[in-house]
Amino acid sequence: MSDEAKVRGRKVKLHDMCLRDGMHSMRHQITIEQMVDIATGLDDAGVPLIQVTHGDGLGGSSLNYGRGLFTDEQYLRAVAPKIKNATISVLHVPGIGTLDELRMAADCGAGCVHVATHCTEADVSEQHIGLGRQLGLDTVGFLMMAHMTPVDALVQQALLMESYGAQTVYCTDSAGYMLPDEVTARISALRAALKPETEIGFHGHHNLGMGVANSIAAVAAGADRIDGSAAGLGAGAGNTPLELFAAVGERMGIETGIDTFKLMDVAEDRVVPMMPKPPRADRDSLTLGYAGVYSTFLYAAKDAQRKYGLPARDLLVELGRLKMIGGQEDMIEDTALTMARERGLIGHNSAASPTEAKLDA
Amino acid sequence: MTKIKCAIIGPGNIGTDLLYKLLRSDVLEPVWMVGVDPTSEGLARAKDLGLKTTDQGVDGLVPHVEADGIQIAFDATSAYVHADNSRKLNALGVLMIDLTPAAIGPYCVPPANLAQLAGHNVMNVNMVTCGGQATIPMVYAVSRVQTVDYAEIIATVASKSVGPGTRKNIDEFTRTTSGAVAKVGGAKTGKAINVINPAEPPLMMRDTIYCETAEEPDQQAITQSVHDMIAEVQKYVPGYRLKNGPTFEGRKVSIFLEVEGLGDFLPKYAGNLDIMTAAAARTAEMFAQEILDGKITLTPIPIEEAA
């Protein structure tokens, strides 16, 4: 059966990420006015779920990941009262955010939480998933960098999250590395193993240009939720552009409940004007997808290129070789220092020399 | 020479590694290993090493405390059960060294504040977390030079070195580390981030410390202080090494470390566990020496007062 036959008539919930994953691209500097403007536009276009948090989740504002222009609480308190139909969601990464921050988010009106762990470490999510359920939130387990573990192992981790109370479990392609067949294999296996009432989600990145194709493959294999971003605003070459998915989905008969033209307008009129530059698979973003590296590493790698004259692509490939995972932004600077020293770009044990970049970052 | 007799509660990775360290001590003698699972490998191993064991938890130890002269107990279980363990043993005059993130008693990071705890009749000392033991000496090394407005630490450990207790207590772990970064490290505010990396072969523990100083950092003095502190920690964790830095960007000081374990019981990559058990042993040795010298007396805390 063709994918088109499998997806026709399927009901799929779209989840916009541009005010969370897009925070990375904006270096966490989205203003309150922009947040409200975009979120209300998405709400009006019928997007059922809108994520609003620092790029690295609740409590992510830090020297390691970049400080937010405003706190999560300020963003949430500004956005939540303006939303008519959509549910506001937050990202929460155990080890970064604490339970108090999740309580705060619920108090601000968030109705959904993505509890994210690396794809092999689901058992650190028990407390956070448990609290999400206790607070009455739509509670999602979010298995990041899902290309880094075999399908069977991913299923075991998903079952753990389900056992802690997750109502939805995601296969998250944080590196934008997967190809459609790899998505099909993972989503099918999750669908076969999880309880029928547990929903399955897919979160893609567009580093290899496969965001839409992978999301369609996910729906064909049984996914109920698809993450994307208006105008694709997200880490690396961005997330699955949500208006593209909505348009393709409409032609294929997927029922999303979205007003596709309104979503296109939000992307074009509200999101694009805010972007420093539109996300595209430039050589560094493409390297993320090609080498399977966490999409968010793009920004600190470009910073290192500016500071030490070390090509970001070389650094990203090395980080992939070292098997660095989401959250290890500190190791970008550390690895850059080590590589720059080995290449004679800086002196021994020093980074203070503000080497002007030889490459355009 | 007389030694102070000890019990270890929790025969898992940490408890077992600690046991090997105590067996080498001049002032501590491990006598009891306490578990809850009769099939525990850790209990069997402790028995083979000559310890008395019980699988009845702390209640199995309590009747023997007086007869066996137990004065110090290490709790390597979990934050959820520590309060109960501590209450029961404090009532018998046993000093608790807490290796869980429960943090009932004062925090202790030896090179930063062990000396300050000397002479005080504390009955419960908390060893913070492995991330805290690895990074707080560096925060302290900066804050003893000049005011630190904000300190942030990122501790990355190998997945294989993180046991089920820590995983279930990840929130306490994060919170306790943040608190101690400020309180013991000497920063006005502190933040801790923990990352668990599953790479094979396992990665060695890595720690990054960022400090924001109130004024322009004194680069020379901070660099010297950091190197001095590395040498101080190496006295009990020889594999504690500076990988990069300190580097300076505006008011931000960055320090990048690697912690290799001694490999007593755990593999060398598990520097996070080694620094925890080594710090706990060092702390207990200080108190043991004080007890032996008659400088402190352990006073039982009646259960009703401890509540």
# chains A, B, ... in the order shown; residues from 1 in each chain; ligands from 1
$ closest_atom_pairs --of "chain B" --to "chain A" --cutoff "8 Å" --atoms "only C-alpha atoms" --output "tab-separated table"
residue	atom	partner	partner_atom	distance
B:Glu152	CA	A:Leu63	CA	7.3
B:Ile154	CA	A:Asp330	CA	7.4
B:Thr156	CA	A:Gln328	CA	7.7
B:Ser159	CA	A:Glu121	CA	7.7
B:Arg167	CA	A:Val124	CA	4.7
B:Lys168	CA	A:Val124	CA	6.2
B:Asn169	CA	A:Gln127	CA	7.7
B:Ile170	CA	A:Val124	CA	6.4
B:Asp171	CA	A:Thr98	CA	5.7
B:Thr174	CA	A:Gly95	CA	5.9
B:Arg175	CA	A:Thr98	CA	7.1
B:Ala192	CA	A:Ile96	CA	7.4
B:Ile193	CA	A:Ile96	CA	5.0
B:Asn194	CA	A:Gly95	CA	4.7
B:Val195	CA	A:Gly95	CA	6.4
B:Ile196	CA	A:Glu121	CA	7.5
B:Asn197	CA	A:Ile325	CA	6.7
B:Pro198	CA	A:Thr120	CA	7.0
B:Ala199	CA	A:Lys323	CA	6.1
B:Thr208	CA	A:Asp330	CA	6.6
B:Tyr210	CA	A:Leu63	CA	7.4
B:Lys243	CA	A:Asp334	CA	8.0
B:Asn244	CA	A:Asn349	CA	6.0
B:Gly245	CA	A:Asn349	CA	6.0
B:Pro246	CA	A:Ser350	CA	7.6
B:Thr247	CA	A:Ala351	CA	5.6
B:Phe248	CA	A:Ala352	CA	6.0
B:Glu249	CA	A:Ala352	CA	7.2
B:Phe256	CA	A:Asp334	CA	6.7
$ residues_around --residues "Ala235 (chain A)" --least-positions-apart "5" --cutoff "6 Å" --atoms "only C-alpha atoms" --output "ChimeraX atom specification"
/A:21,24-25,295-296
$ closest_residue --among "A:Ala166, A:Thr172, A:Val155, A:Leu319" --to "Ser188 (chain A)" --atoms "only C-alpha atoms"
A:Val155
$ residues_around --residues "Lys6 (chain A)" --least-positions-apart "5" --cutoff "10 Å" --atoms "only C-alpha atoms" --output "PyMOL selection string"
chain A and resi 1+216-217+219-222+252-254
$ residues_around --residues "region 115-123 of chain B" --least-positions-apart "6" --cutoff "8 Å" --atoms "only C-alpha atoms" --output "NGL selection string"
:B and (90 or 93-96 or 105 or 286-287 or 290 or 295-299)
$ closest_residue --among "B:Ser161, B:Ser254, B:Ser86, B:Asn126" --to "Gly12 (chain B)" --atoms "only C-alpha atoms"
B:Ser161
$ select_by_dssp --residues "region 10-111 of chain A" --states "strand (DSSP E or B)" --output "ChimeraX atom specification"
/A:11,13-16,49-51,62,66,87-92,94,97
$ write_last_selection --atoms "C-alpha atoms" --output "short mmCIF file (atom, residue, chain, number, x, y, z; two decimals), in the first residue's frame"
data_model
loop_
_atom_site.label_atom_id
_atom_site.label_comp_id
_atom_site.auth_asym_id
_atom_site.auth_seq_id
_atom_site.Cartn_x
_atom_site.Cartn_y
_atom_site.Cartn_z
CA LYS A 11 -6.21 12.63 12.02
CA LYS A 13 -2.15 16.83 15.62
CA LEU A 14 0.41 19.44 14.61
CA HIS A 15 2.68 20.92 17.24
CA ASP A 16 4.47 24.16 16.46
CA LEU A 49 -0.30 22.77 20.24
CA ILE A 50 2.23 25.59 20.54
CA GLN A 51 5.47 25.16 22.44
CA SER A 62 22.29 29.66 31.20
CA GLY A 66 22.58 31.08 26.17
CA THR A 87 -2.73 24.26 24.21
CA ILE A 88 0.57 25.82 25.28
CA SER A 89 3.29 23.26 25.82
CA VAL A 90 6.73 23.40 27.40
CA LEU A 91 9.93 21.43 27.00
CA HIS A 92 11.45 19.97 30.14
CA PRO A 94 15.61 16.28 33.44
CA GLY A 97 15.05 21.89 34.56
#
